[in-house]
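Inspection log for the structure reproduced underneath, given as structure tokens.
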Amino acid sequence: MNVVAESAVRPARPGNAGRGEWGRRWGLRLVALLALGVLWQVTATVMHNPAFIPSPGAVWHRLVQTSTTHDGVRGYSGHLLIEHLGVSLRRILIGSAIGVTGGLLVGVLMGAVGWVRVVTEPVVTFVRALPPLAYFSLFIIWFGIDETPKLWLLSIAALPPVAVATASAVSAAPTALVEAVRALGASRWAAIRDVVLPSALPEIFTGIRLAVGIAYSSVVAAETINGVPGIGGMVRDAQRYSQTDVVVLGLFAIGLSGLAIDAVLRVIEQRLIPWRGKY
Amino acid sequence: MNVVAESAVRPARPGNAGRGEWGRRWGLRLVALLALGVLWQVTATVMHNPAFIPSPGAVWHRLVQTSTTHDGVRGYSGHLLIEHLGVSLRRILIGSAIGVTGGLLVGVLMGAVGWVRVVTEPVVTFVRALPPLAYFSLFIIWFGIDETPKLWLLSIAALPPVAVATASAVSAAPTALVEAVRALGASRWAAIRDVVLPSALPEIFTGIRLAVGIAYSSVVAAETINGVPGIGGMVRDAQRYSQTDVVVLGLFAIGLSGLAIDAVLRVIEQRLIPWRGKY
Amino acid sequence: ASGSPDTAQKTIRIAYQAFPSGDLIVKHQRLLEQALPDYKITWTKFDSGASINTAFVAGSVDIAAIGSSPVARGLSAPLNIPYQVAFVLDVAGDNEALVARNGTNINSVADLRGHKVATPFASTAHYSLLAALDKAGVKESELTLVDLEPQDIQAAWTRGDLDAAYTWLPSLDELKKTGKVLISSRELATAGKPTLDLGVVSTAFATAHPDAVDAWRKAEAKALDIIAGQPDAAADAVGKELNISAADAKHQLSQGVFLKPADLSSSEWLGTEGKTGDLARNLLAAAQFLKAQNKIDAVPDAATIEKAIYTKGLPGVLAG
Amino acid sequence: MSSPAEPGAPAVQVDGVEHRYAAVSALGPLDLSVAEGAFLVLVGASGCGKSTLLRLIAGFERPSAGRVRVAGAEPVPGRGAGLVFQAPRLLPWKTVGGNVDLALRYAGVPREQRPARVEQLLDRVGLHDVAGRRTWEISGGQQQRVAIARALAVPNPLLLLDEPFAALDALTRERLQEDLRRVSAESGRTCVFVTHSVDEAVYLGSRVVVLTSRPGRIALDRDIDLPRTGIEPDELRGLPGYAAYRAEIGHAVRAAADESERVRSLV
Amino acid sequence: MSSPAEPGAPAVQVDGVEHRYAAVSALGPLDLSVAEGAFLVLVGASGCGKSTLLRLIAGFERPSAGRVRVAGAEPVPGRGAGLVFQAPRLLPWKTVGGNVDLALRYAGVPREQRPARVEQLLDRVGLHDVAGRRTWEISGGQQQRVAIARALAVPNPLLLLDEPFAALDALTRERLQEDLRRVSAESGRTCVFVTHSVDEAVYLGSRVVVLTSRPGRIALDRDIDLPRTGIEPDELRGLPGYAAYRAEIGHAVRAAADESERVRSLV
Ligand SMILES: Nc1ncnc2c1ncn2[C@@H]1O[C@H](COP(=O)(O)OP(=O)(O)OP(=O)(O)O)[C@@H](O)[C@H]1O
Ligand SMILES: Nc1ncnc2c1ncn2[C@@H]1O[C@H](COP(=O)(O)OP(=O)(O)OP(=O)(O)O)[C@@H](O)[C@H]1O
Ligand SMILES: [Mg+2]
Ligand SMILES: [Mg+2]
């Protein structure tokens with residue numbers, strides 16, 4: 001049992017966490033993956049109800065089918081799986097980008113400027129409690145049925161985690177360091193730029209990772225309206241026709257691409273915040 | 001413009017942030033609220049289409065109607081507004097509680113135990129990218145149509161923010177302090193209890209606040225099936241009949257109660273974490 | 001609890017939907033509860049046939065009100081849900097229709113080519129729209145089909161994002177104010193493509209509690225009588241269930257087609273024991289249509305579908 | 001909020017200042033006037049309020065009673081006074097050099113001149129080759145020296161130093177003392193310097209103030225009448241006056257502490 | 001991973017130990033054996049590797065080369081050695097008393113005895129009435145004293161102290177020196193003590209080791225042959241041997257620093 005708190009006790013020396021570590025990590029993951037796969041196959045065989053749990057084989061078959069043109073039909077609903085995914089990824093990325101930017105702005109203002117917080121905090125809390133499904137119809141009235149309402153929904157879903165995390169971290173900036181730069185002559189905004197934001201960065205990153213995840217998990221809601229092509233639209237469609245294998249395939253496509261994006265974010269995080277835990 | 005970073009520069013002395021501050025804060029909020037109300041009334045009057053933007057008066061009338069028994073009809077769909085809200089709140093609270101507890105456990109394990117992280121991190125990332133609407137039908141198949149699938153959905157929605165925030169904060173525990181207690185003879189788990197968790201508490205709280213918000217905003221999705229009584233079910237029902245005033249009323253009920261819960265959480269946070277920003 | 005006849009407390013779990021039909025009258029006037037006092041009856045509202053199918057797979061319901069299109073899906077692979085059609089709640093009439101917006105110069109179904117048409121996918125309206133297009137010789141690829149829920153159709157329509165839509169009440173009424181009806185489900189029904197709301201019973205339940213099924217059918221028949229004979233009472237019940245005014249409910253009821261109980265066992269619908277009615281053919285056609293759409297894996301054979309029509313005791317049960 | 005600076009006003013003027021942290025009275029009523037160019041050394045027991053006094057002068061605290069004026073105006077953090085805190089307070093997200101660079105940037109030094117100035121400042125506090133290191137990759141004494149270099153980067157007329165040399169070895173300490181003594185004498189910058197070392201106090205100060213403990217009041221206020229320029233450190237320490245000052249101040253420190261002790265034991 | 005302790009082994013045994021942080025060589029090859037009950041004082045320029053050596057002995061670092069043994073076994077943090085870090089490192093989520101209490105809890109002191117022991121320990125480092133305060137509500141010197149009290153709470157046979165008295169005034173410092181000297185002499189606890197004060201080194205140490213700077217090597221290793229018990233501090237400082245030791249060690253420190261300086265200027 002190696003507690004990572006251990007890393008605090010015995011800092012890894014250079015060359016320590018090399019190939020071996022890397023191999024072990026992926027080995028472990030592979031084993032876990034295999035175990036899950038076997039579990040799935042066994043459950044599917046035992047249940048023997050494809051609507052309940054489609055077998056891995058069926059999902060694989062769907063993957064092939066939705067990724068190719070067969071019998072003159074192109075993929076699913078006229079689009080290949082990769083196209084569905086691509087369209088949705090574009091929406092997710094744009095929506096997340098807008099949401100994260102907005103969240104950062106709102107969060108910094110909320111954390112740093114007293115009266116903005118007094119008014120904005122309740123508004124943000126109010127808005128983030130609202131279920132997208134409830135207000136989505138209003139978006140249609142305001143923004144139509146094309147890309148705009150989807151991007152709005154995803155942005156609004158992505159904003160709160162960043163805003164809340166940023167505001168919380170900003171308002172808890174380390175007093176000692178803020179004083180240190182103020183003593184050197186930093187203006188208030190320079191202090192925010194040089195101390196408050198860097199010290200909030202770890203929490204902001206957690207917020208961003210959560211935001212992207214939430215944008216992801218909102219993609220079906222966003223694509224309830226005119227959502228094909230789109231992975232969410234595909235899943236919804238399949239759901240209504242009880243094509244559980246397509247639903248599971250869609251879930252995999254969503255989950256795996258989400259995993260990839262999160263991995264990228266985590267690499268950026270590690271590059272950007274070498275000081276984490278150092279003070 | 002009073003920058004709160006200022007609070008770092010000139011610590012408020014006792015008696016400084018007293019009645020006056022309090023009054024100003026609520027005054028500001030009241031003004032903002034009034035402004036919003038007027039804006040709403042004006043928009044409603046201009047649009048003049050109650051299916052799009054119901055007037056404040058119409059929503060108020062609905063509030064009265066859904067909170068009383070009139071013409072032999074009790075509230076909305078046979079339940080008073082407060083009952084709808086109560087049922088949903090119960091679901092949200094139970095779901096959040098389960099999700100937060102699970103998230104804490106997963107987060108601490110992920111942050112503190114290397115091999116758990118290696119396997120669990122991808123699983124959590126995978127799961128939190130999945131749209132509830134996509135897997136909800138699987139929940140119905142597995143857990144039926146009563147409370148269980150709703151609680152599952154809400155728990156799963158609430159778990160990731162806590163897990164991610166906790167794991168991130170735990171793995172970034174201040175090395176200096178971990179060493180300090182280790183030097184005093186703390187076991188690894190004592191170090192986690194006495195240093196890692198307290199230092200992670202602020203981020204954990206951000207995670208919890210986000211989790212409750214997300215559980216809130218998932219209540220409509222959770223109540224798509226067999227959702228009456230329930231505020232989400234009520235909103236959905238109203239939606240199908242374009243009773244926008246009821247939808248808006250429901251949104252208010254959700255948003256305001258969400259605000260109340262968040263306020264409670266923030267009070268707890270401030271009580272629990274007096275050292276925030278102090279190191 | 002459903003399948004086993006010897007449970008202590010006998011229960012019936014009914015799934016209903018929020019469309020105006022006799023089902024809501026049965027619920028509101030507690031007709032079934034009165035007929036079966038020693039059963040514990042729970043009513044659960046669902047918002048689509050798909051979710052009702054899901055609930056059947058989960059074994060969470062015994063009896064349901066569901067559209068003919070989802071029933072066809074449920075009877076086909078991969079779902080193969082063991083349930084049987086035991087009642088026709090209503091036939092879509094003028095309450096479901098295809099409307100074109102004024103000023104788009106669309107005067108017939110054929111004119112829809114190149115336009116944007118919305119309908120809730122996987123619904124009876126979707127089925128009807130495709131049937132109408134098929135009848136007019138318009139290929140799906142020649143126009144843009146948009147998947148929207150009725151309330152969203154209404155919103156998008158108001159903005160001018162849509163040229164036409166196939167939807168149902170109450171949004172249909174709003175659309176009609178600024179558009180004109182190209183074809184309604186009533187006409188499609190006459191042309192042999194009816195869409196229906198059906199009452200289905202899980203096979204296990206029907207086997208275990210045939211008497212309860214009979215009572216339920218009688219209650220539904222009574223509701224049909226109320227709709228025909230006491231429109232005000234019917235409107236009141238439906239209005240209260242749907243949270244709308246009695247006047248609105250009355251208007252909506254007037255747009256649908258409600259069969260006479262006696263007609264149900266005619267060869268046009270359920271038929272009788274041993275001689276299944278046309279409903280089976282109708283469901284088979286729907287399944288074939290879905291197969292052509294790639295929405296189901298295989299079309300069940302005619303025998304399977306005939307077996308899924310619950311005609312036990314017909315016409316006797318509904319005659320009284 | 002801030003009154004305009006008056007020309008000819010003393011560098012620091014403390015009038016009847018008291019400071020209380022919630023229930024804790026940290027600094028007793030205190031009057032103190034520091035002339036421009038003076039080198040004031042504060043000595044006093046741990047917890048007597050020295051840091052509090054510096055924070056009041058720097059503008060980080062407002063006195064519970066009385067008033068503080070710096071060059072005749074109400075003190076504002078970062079304006080008019082540089083401050084070396086008791087702890088290094090380096091920014092962990094900047095390298096060692098980056099921390100000094102930031103101070104230069106605030107001081108308005110153009111970007112292209114900064115790298116050379118950073119090197120120079122670090123060199124001045126005896127640090128070589130550490131500009132590229134992370135702040136947690138240098139020793140405690142080195143961190144404190146970076147904090148000093150950072151404060152020296154800003155050319156404020158008033159410099160406040162809170163036990164800046166406490167973590168340094170004798171040699172490094174002597175070098176920095178020399179440097180600081182020369183700078184203050186030559187540039188005419190006013191310094192307020194906190195130390196626990198009586199020797200350091202006498203060596204550096206043009207005036208030494210000894211505080212009693214809790215709440216801090218002035219126990220001794222002595223001008224040090226020793227030559228401030230053109231004399232070698234060893235020579236200075238060899239002067240007969242030097243030893244006398246050391247003895248007097250050492251005595252005062254002990255007396256102040258004993259006094260407080262007696263007061264406490266009476267209570 | 002950890003070898004069993006051997007009875008009769010020296011309290012600390014350092015064999016050919018080198019330590020490198022990435023590219024930085026912090027501690028040169030070093031051999032050192034500390035006998036049980038000894039009071040070893042380490043002196044050396046800032047950045048010469050004193051803290052690194054203490055961290056190696058405490059088990060927080062593993063040497064890049066050579067081996068460290070504490071009572072014959074590989075050192076494990078928290079087992080066998082108490083450590084006062086150079087910075088206070090108090091837990092901000094505990095009160096001052098809570099920080100000390102935690103140490104007592106780790107030491108297995110029963111809950112009901114702890115409040116009294118906390119009071120006693122705080123008193124011992126000269127702190128009154130601060131047990132209920134938050135860690136940021138006390139002065140720098142007070143924080144350092146809490147850290148000392150916390151370390152004294154754990155009865156380890158080996159005590160490592162990294163400039164523990166640097167932030168204290170002369171009087172408090174003398175009291176704590178006395179206390180520590182007495183404790184080590186009476187309890188037989190082994191101490192390794194880092195300081196920059198030559199006087200402190202001679203006063204406290206039974207042995208003084210002077211390190212050269214970067215990478216730290218042993219420049220001087222001198223046993224201090226002065227009485228360790230039954231003598232008043234002033235009396236001790238008055239002994240002729242005392243001044244001689246002071247001179248020798250002061251000289252060695254300067255020489256070590258100059259040496260390093262020369263080496264560097266040659267490179
Ligand atoms: N934030 C605070 N809240 C309450 N009391 C405080 C606070 N800060 C300091 N004190 C108390 O005020 C007194 C003066 O503190 P200050 O830091 O000025 O002492 P100091 O003279 O700098 O001591 P040292 O030499 O130990 O640094 C101390 O008794 C301390 O306990
Ligand atoms: N994490 C690190 N990474 C790189 N270099 C380091 C690190 N920690 C310390 N050093 C370097 O190692 C050398 C020894 O450091 P150490 O902290 O042991 O010095 P020290 O003798 O305790 O100095 P001081 O008296 O200033 O506390 C120093 O030159 C320092 O810059
Ligand atoms: Mg101080
Ligand atoms: Mg050190």
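For the structure tokens, the naming scheme is as follows: chains receive sequential letters (A, B, ...) according to their order of presentation, residues are indexed from 1 within each chain, and ligands are indexed from 1 in presentation order.
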
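Near ligand 2, at distances of 6 Å or less and with only C-alpha atoms and all ligand atoms counted, sit the residues Trp136, Glu137, Ile138, Ser139, Gly140, Gly141 and Gln142 of chain D; Tyr21, Val24, Ala26, Ser46, Gly47, Cys48, Gly49, Lys50, Ser51, Thr52 and Arg214 of chain E.
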
What does the file look like for those residues with C-alpha atoms, as a CSV table (one decimal), in the first residue's frame?
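Below is the file result_35.csv, written as the result:
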```
chain,number,residue,atom,x,y,z
D,136,TRP,CA,11.4,25.9,-2.2
D,137,GLU,CA,14.7,24.8,-3.7
D,138,ILE,CA,16.8,27.1,-1.6
D,139,SER,CA,17.7,27.1,2.0
D,140,GLY,CA,15.9,29.1,4.7
D,141,GLY,CA,18.7,31.7,4.9
D,142,GLN,CA,18.8,32.0,1.2
E,21,TYR,CA,18.9,17.9,-5.2
E,24,VAL,CA,22.5,20.9,-7.0
E,26,ALA,CA,24.0,20.2,-1.3
E,46,SER,CA,23.8,29.8,5.1
E,47,GLY,CA,23.1,27.3,2.4
E,48,CYS,CA,25.9,24.9,3.4
E,49,GLY,CA,23.6,21.9,3.9
E,50,LYS,CA,22.8,22.0,7.6
E,51,SER,CA,19.0,21.6,7.2
E,52,THR,CA,19.7,18.9,4.6
E,214,ARG,CA,28.3,24.1,-0.8
```

Exercise answer, chain A residues close to chain D, 12 Å and only C-alpha atoms, as a ChimeraX atom specification: /A:174-191,193-202,271-279

Would you write out those residues with C-alpha atoms, as an mmCIF file, in the first residue's frame?
```cif
data_model
loop_
_atom_site.group_PDB
_atom_site.id
_atom_site.type_symbol
_atom_site.label_atom_id
_atom_site.label_comp_id
_atom_site.auth_asym_id
_atom_site.auth_seq_id
_atom_site.Cartn_x
_atom_site.Cartn_y
_atom_site.Cartn_z
ATOM 1 C CA PRO A 174 -3.009 33.959 0.902
ATOM 2 C CA THR A 175 -2.979 37.194 2.885
ATOM 3 C CA ALA A 176 0.731 36.941 3.573
ATOM 4 C CA LEU A 177 1.622 36.970 -0.103
ATOM 5 C CA VAL A 178 -0.878 39.660 -1.055
ATOM 6 C CA GLU A 179 0.702 41.829 1.633
ATOM 7 C CA ALA A 180 4.145 40.956 0.315
ATOM 8 C CA VAL A 181 3.480 42.327 -3.156
ATOM 9 C CA ARG A 182 1.476 45.249 -1.846
ATOM 10 C CA ALA A 183 4.524 46.178 0.212
ATOM 11 C CA LEU A 184 6.549 46.129 -2.988
ATOM 12 C CA GLY A 185 4.186 48.639 -4.515
ATOM 13 C CA ALA A 186 1.787 46.406 -6.429
ATOM 14 C CA SER A 187 -1.528 48.006 -7.301
ATOM 15 C CA ARG A 188 -4.668 46.108 -6.374
ATOM 16 C CA TRP A 189 -5.012 44.699 -9.844
ATOM 17 C CA ALA A 190 -1.334 43.813 -9.992
ATOM 18 C CA ALA A 191 -1.809 41.955 -6.718
ATOM 19 C CA ARG A 193 -2.674 39.237 -11.322
ATOM 20 C CA ASP A 194 0.496 38.241 -9.503
ATOM 21 C CA VAL A 195 -0.800 36.633 -6.328
ATOM 22 C CA VAL A 196 -4.520 36.066 -6.232
ATOM 23 C CA LEU A 197 -4.868 34.406 -9.626
ATOM 24 C CA PRO A 198 -1.771 32.180 -9.407
ATOM 25 C CA SER A 199 -2.779 31.052 -5.942
ATOM 26 C CA ALA A 200 -6.268 30.307 -7.226
ATOM 27 C CA LEU A 201 -4.986 28.459 -10.261
ATOM 28 C CA PRO A 202 -5.177 24.948 -8.792
ATOM 29 C CA ARG A 271 2.882 22.028 -16.398
ATOM 30 C CA LEU A 272 1.263 25.194 -15.195
ATOM 31 C CA ILE A 273 1.286 24.584 -11.452
ATOM 32 C CA PRO A 274 4.638 23.157 -10.387
ATOM 33 C CA TRP A 275 4.303 24.754 -6.971
ATOM 34 C CA ARG A 276 1.237 22.823 -5.908
ATOM 35 C CA GLY A 277 1.591 21.601 -2.324
ATOM 36 C CA LYS A 278 4.842 23.477 -1.909
ATOM 37 C CA TYR A 279 3.650 26.038 0.548
#
```

Alpha helix (DSSP H) positions in segment 21-210 of chain D, given as a PyMOL selection string: chain D and resi 50-58+96-106+114-124+140-152+170-187+198-204

DSSP strand (DSSP E) residues within segment 15-231 of chain E, as a PyMOL selection string: chain E and resi 15-21+24-34+39-44+65-70+81-84+158-162+190-194+207-211+218-223

Distance query His79 of chain A at most 10 Å, only C-alpha atoms, self and fewer than 6 positions along chain excluded, as a PyMOL selection string: chain A and resi 66-69+73+85+228-230+234

Output of the above residues as a PDB file, in the first residue's frame, restricted to C-alpha atoms:
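To be explicit, this is the file written out as selection16.pdb:
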```
ATOM      1  CA  THR A  66     -22.143   3.102 -37.480  1.00  0.00           C
ATOM      2  CA  SER A  67     -18.644   3.761 -38.735  1.00  0.00           C
ATOM      3  CA  THR A  68     -19.210   2.434 -42.233  1.00  0.00           C
ATOM      4  CA  THR A  69     -21.646   2.671 -45.087  1.00  0.00           C
ATOM      5  CA  VAL A  73     -27.049   3.408 -45.314  1.00  0.00           C
ATOM      6  CA  LEU A  85     -18.889  12.761 -32.246  1.00  0.00           C
ATOM      7  CA  VAL A 228     -28.662  15.089 -35.393  1.00  0.00           C
ATOM      8  CA  PRO A 229     -25.841  14.957 -36.345  1.00  0.00           C
ATOM      9  CA  GLY A 230     -24.506  14.885 -32.817  1.00  0.00           C
ATOM     10  CA  MET A 234     -27.841   9.858 -31.785  1.00  0.00           C
TER      11      MET A 234
END
```

Residue hits in chain C, query chain B, radius 7 Å, only C-alpha atoms, as a VMD selection string: chain C and resid 44 to 46 54 to 55 57 to 58 60 151 170 241 243

Writing out the chosen residues with all heavy atoms as a compact mmCIF listing (two decimals), in the first residue's frame:
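See result33.txt below for the written result:
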```txt
# COMPACT_ATOMS: atom_id res chain seq x y z
N THR C 44 -48.95 5.58 -12.70
CA THR C 44 -47.69 6.28 -12.92
C THR C 44 -47.72 6.99 -14.26
O THR C 44 -48.04 6.38 -15.28
CB THR C 44 -46.52 5.28 -12.92
OG1 THR C 44 -46.55 4.54 -11.71
CG2 THR C 44 -45.19 6.01 -13.02
N LYS C 45 -47.39 8.27 -14.21
CA LYS C 45 -47.42 9.03 -15.46
C LYS C 45 -46.10 8.89 -16.20
O LYS C 45 -45.03 8.98 -15.60
CB LYS C 45 -47.68 10.50 -15.15
CG LYS C 45 -47.97 11.29 -16.43
CD LYS C 45 -47.92 12.77 -16.16
CE LYS C 45 -49.28 13.31 -15.73
NZ LYS C 45 -49.25 14.76 -15.53
N PHE C 46 -46.17 8.63 -17.49
CA PHE C 46 -44.98 8.58 -18.34
C PHE C 46 -45.13 9.63 -19.43
O PHE C 46 -46.23 10.06 -19.75
CB PHE C 46 -44.82 7.20 -18.98
CG PHE C 46 -44.30 6.17 -18.02
CD1 PHE C 46 -45.13 5.62 -17.05
CD2 PHE C 46 -42.99 5.75 -18.08
CE1 PHE C 46 -44.65 4.68 -16.15
CE2 PHE C 46 -42.50 4.80 -17.19
CZ PHE C 46 -43.34 4.27 -16.23
N THR C 54 -39.51 0.89 -21.82
CA THR C 54 -38.40 0.66 -20.88
C THR C 54 -38.92 0.11 -19.56
O THR C 54 -38.37 -0.84 -19.00
CB THR C 54 -37.66 1.97 -20.63
OG1 THR C 54 -37.30 2.54 -21.88
CG2 THR C 54 -36.41 1.74 -19.81
N ALA C 55 -40.02 0.70 -19.09
CA ALA C 55 -40.58 0.26 -17.82
C ALA C 55 -41.09 -1.18 -17.91
O ALA C 55 -40.98 -1.95 -16.95
CB ALA C 55 -41.70 1.19 -17.39
N VAL C 57 -39.75 -3.47 -19.84
CA VAL C 57 -38.53 -4.28 -19.80
C VAL C 57 -38.08 -4.45 -18.35
O VAL C 57 -37.65 -5.52 -17.93
CB VAL C 57 -37.41 -3.63 -20.64
CG1 VAL C 57 -36.09 -4.37 -20.43
CG2 VAL C 57 -37.78 -3.65 -22.11
N ALA C 58 -38.20 -3.36 -17.59
CA ALA C 58 -37.78 -3.42 -16.19
C ALA C 58 -38.77 -4.20 -15.34
O ALA C 58 -38.51 -4.47 -14.17
CB ALA C 58 -37.64 -2.00 -15.64
N SER C 60 -41.72 -3.09 -14.43
CA SER C 60 -42.25 -2.16 -13.44
C SER C 60 -43.71 -1.80 -13.66
O SER C 60 -44.29 -1.09 -12.87
CB SER C 60 -41.43 -0.85 -13.46
OG SER C 60 -40.13 -1.11 -13.06
N GLN C 151 -43.88 21.29 -27.42
CA GLN C 151 -43.77 22.66 -26.90
C GLN C 151 -42.64 23.42 -27.57
O GLN C 151 -42.69 24.62 -27.76
CB GLN C 151 -43.60 22.65 -25.37
CG GLN C 151 -42.29 22.10 -24.87
CD GLN C 151 -42.35 20.62 -24.57
OE1 GLN C 151 -43.20 19.89 -25.10
NE2 GLN C 151 -41.47 20.12 -23.72
N PRO C 170 -51.88 20.43 -27.31
CA PRO C 170 -52.46 21.74 -27.60
C PRO C 170 -51.61 22.60 -28.54
O PRO C 170 -52.08 23.62 -29.01
CB PRO C 170 -52.54 22.40 -26.24
CG PRO C 170 -51.38 21.81 -25.50
CD PRO C 170 -51.20 20.42 -26.00
N GLU C 241 -57.10 16.25 -14.76
CA GLU C 241 -55.90 15.42 -14.84
C GLU C 241 -54.77 16.14 -15.57
O GLU C 241 -53.60 15.92 -15.28
CB GLU C 241 -56.21 14.10 -15.54
CG GLU C 241 -56.96 13.10 -14.67
CD GLU C 241 -56.17 12.69 -13.43
OE1 GLU C 241 -54.93 12.57 -13.53
OE2 GLU C 241 -56.79 12.49 -12.36
N ASN C 243 -54.40 19.44 -15.79
CA ASN C 243 -54.19 20.80 -15.29
C ASN C 243 -54.58 21.86 -16.32
O ASN C 243 -53.92 22.87 -16.46
CB ASN C 243 -52.72 21.00 -14.89
CG ASN C 243 -52.32 20.12 -13.74
OD1 ASN C 243 -52.93 20.16 -12.67
ND2 ASN C 243 -51.31 19.29 -13.97
```

Residue neighbourhood segment 119-129 of chain B, 7 Å, only C-alpha atoms, exclusion window fewer than 2 positions, as a ChimeraX atom specification: /A:28-29,32,213-214,216-217,254-256,258-259 /B:110,115-117,131,160

Write out, as an mmCIF file, in the first residue's frame, the residues just selected, with C-alpha atoms.
```
data_model
loop_
_atom_site.group_PDB
_atom_site.id
_atom_site.type_symbol
_atom_site.label_atom_id
_atom_site.label_comp_id
_atom_site.auth_asym_id
_atom_site.auth_seq_id
_atom_site.Cartn_x
_atom_site.Cartn_y
_atom_site.Cartn_z
ATOM 1 C CA LEU A 28 -2.853 -1.853 -13.663
ATOM 2 C CA ARG A 29 -5.301 0.000 -15.870
ATOM 3 C CA ALA A 32 -8.879 -3.256 -14.478
ATOM 4 C CA GLY A 213 -17.165 17.240 -17.675
ATOM 5 C CA ILE A 214 -20.471 18.941 -17.071
ATOM 6 C CA TYR A 216 -20.024 16.782 -21.717
ATOM 7 C CA SER A 217 -22.781 15.366 -19.630
ATOM 8 C CA ILE A 254 -18.688 10.223 -24.962
ATOM 9 C CA GLY A 255 -16.853 8.748 -21.996
ATOM 10 C CA LEU A 256 -13.663 7.945 -23.859
ATOM 11 C CA GLY A 258 -14.105 12.938 -22.245
ATOM 12 C CA LEU A 259 -11.259 10.935 -20.772
ATOM 13 C CA MET B 110 -7.826 8.703 -5.106
ATOM 14 C CA TRP B 115 -2.934 2.575 -7.131
ATOM 15 C CA VAL B 116 -6.520 3.518 -6.354
ATOM 16 C CA ARG B 117 -5.996 6.726 -8.264
ATOM 17 C CA PRO B 131 -25.045 12.404 -19.798
ATOM 18 C CA PRO B 160 -17.925 13.873 -9.373
#
```

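Here the question is which of D:Val130, D:Val34, D:Leu226, D:Leu239 gets nearest to chain E using only C-alpha atoms, and that residue is D:Val130.
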
Spatial neighbours of Ser187 of chain E, 12 Å, only C-alpha atoms, chain gap at least 4 places, as a list in words: Glu36, Gly37, Ala38, Phe39, Pro155, Asn156, Pro157, Leu158, Leu159, Asp179, Leu180, Arg181, Arg182, Val183, Cys191 and Thr229 of chain E

What lies within 6 Å of Ala235 of chain C using only C-alpha atoms, ignoring chain neighbours under 2 positions off, as a PDB file with C-alpha atoms, in the first residue's frame?
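This went into selection.pdb:
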```
ATOM      1  CA  PRO C 231     -68.988  15.168 -22.649  1.00  0.00           C
ATOM      2  CA  ASP C 232     -69.013  17.666 -19.780  1.00  0.00           C
ATOM      3  CA  ALA C 233     -68.198  15.077 -17.155  1.00  0.00           C
ATOM      4  CA  ALA C 237     -62.122  14.741 -15.509  1.00  0.00           C
ATOM      5  CA  VAL C 238     -59.624  15.149 -18.321  1.00  0.00           C
ATOM      6  CA  GLY C 239     -59.133  18.829 -17.580  1.00  0.00           C
ATOM      7  CA  ALA C 246     -62.591  21.988 -18.795  1.00  0.00           C
ATOM      8  CA  ALA C 249     -60.241  19.611 -22.435  1.00  0.00           C
ATOM      9  CA  LYS C 250     -63.592  19.458 -24.151  1.00  0.00           C
TER      10      LYS C 250
END
```

Give me, as a Markdown table, the closest atom pair and its distance (Å, one decimal) for every residue of segment 59-145 of chain C within a cut-off of 9 Å of segment 18-28 of chain C, counting only C-alpha atoms, rows sorted by chain and rising number.
```
| residue | atom | partner | partner_atom | distance |
| --- | --- | --- | --- | --- |
| C:Ala65 | CA | C:Asp23 | CA | 7.4 |
| C:Leu89 | CA | C:Ser21 | CA | 6.4 |
| C:Asp90 | CA | C:Ser21 | CA | 6.7 |
```

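Of the residues listed (B:Val59, B:Val113, B:Ala215, B:Ile261), B:Val113 shows the shortest atom-to-atom separation from chain A; distances use only C-alpha atoms.
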
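For the pair atom CA of Gly107 of chain A and atom CA of Ser168 of chain A, the separation is 7.9 Å.
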
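Taking atom CA of Ala72 of chain C as the reference point, atom CA of Gln154 of chain C is found at 28.0 Å.
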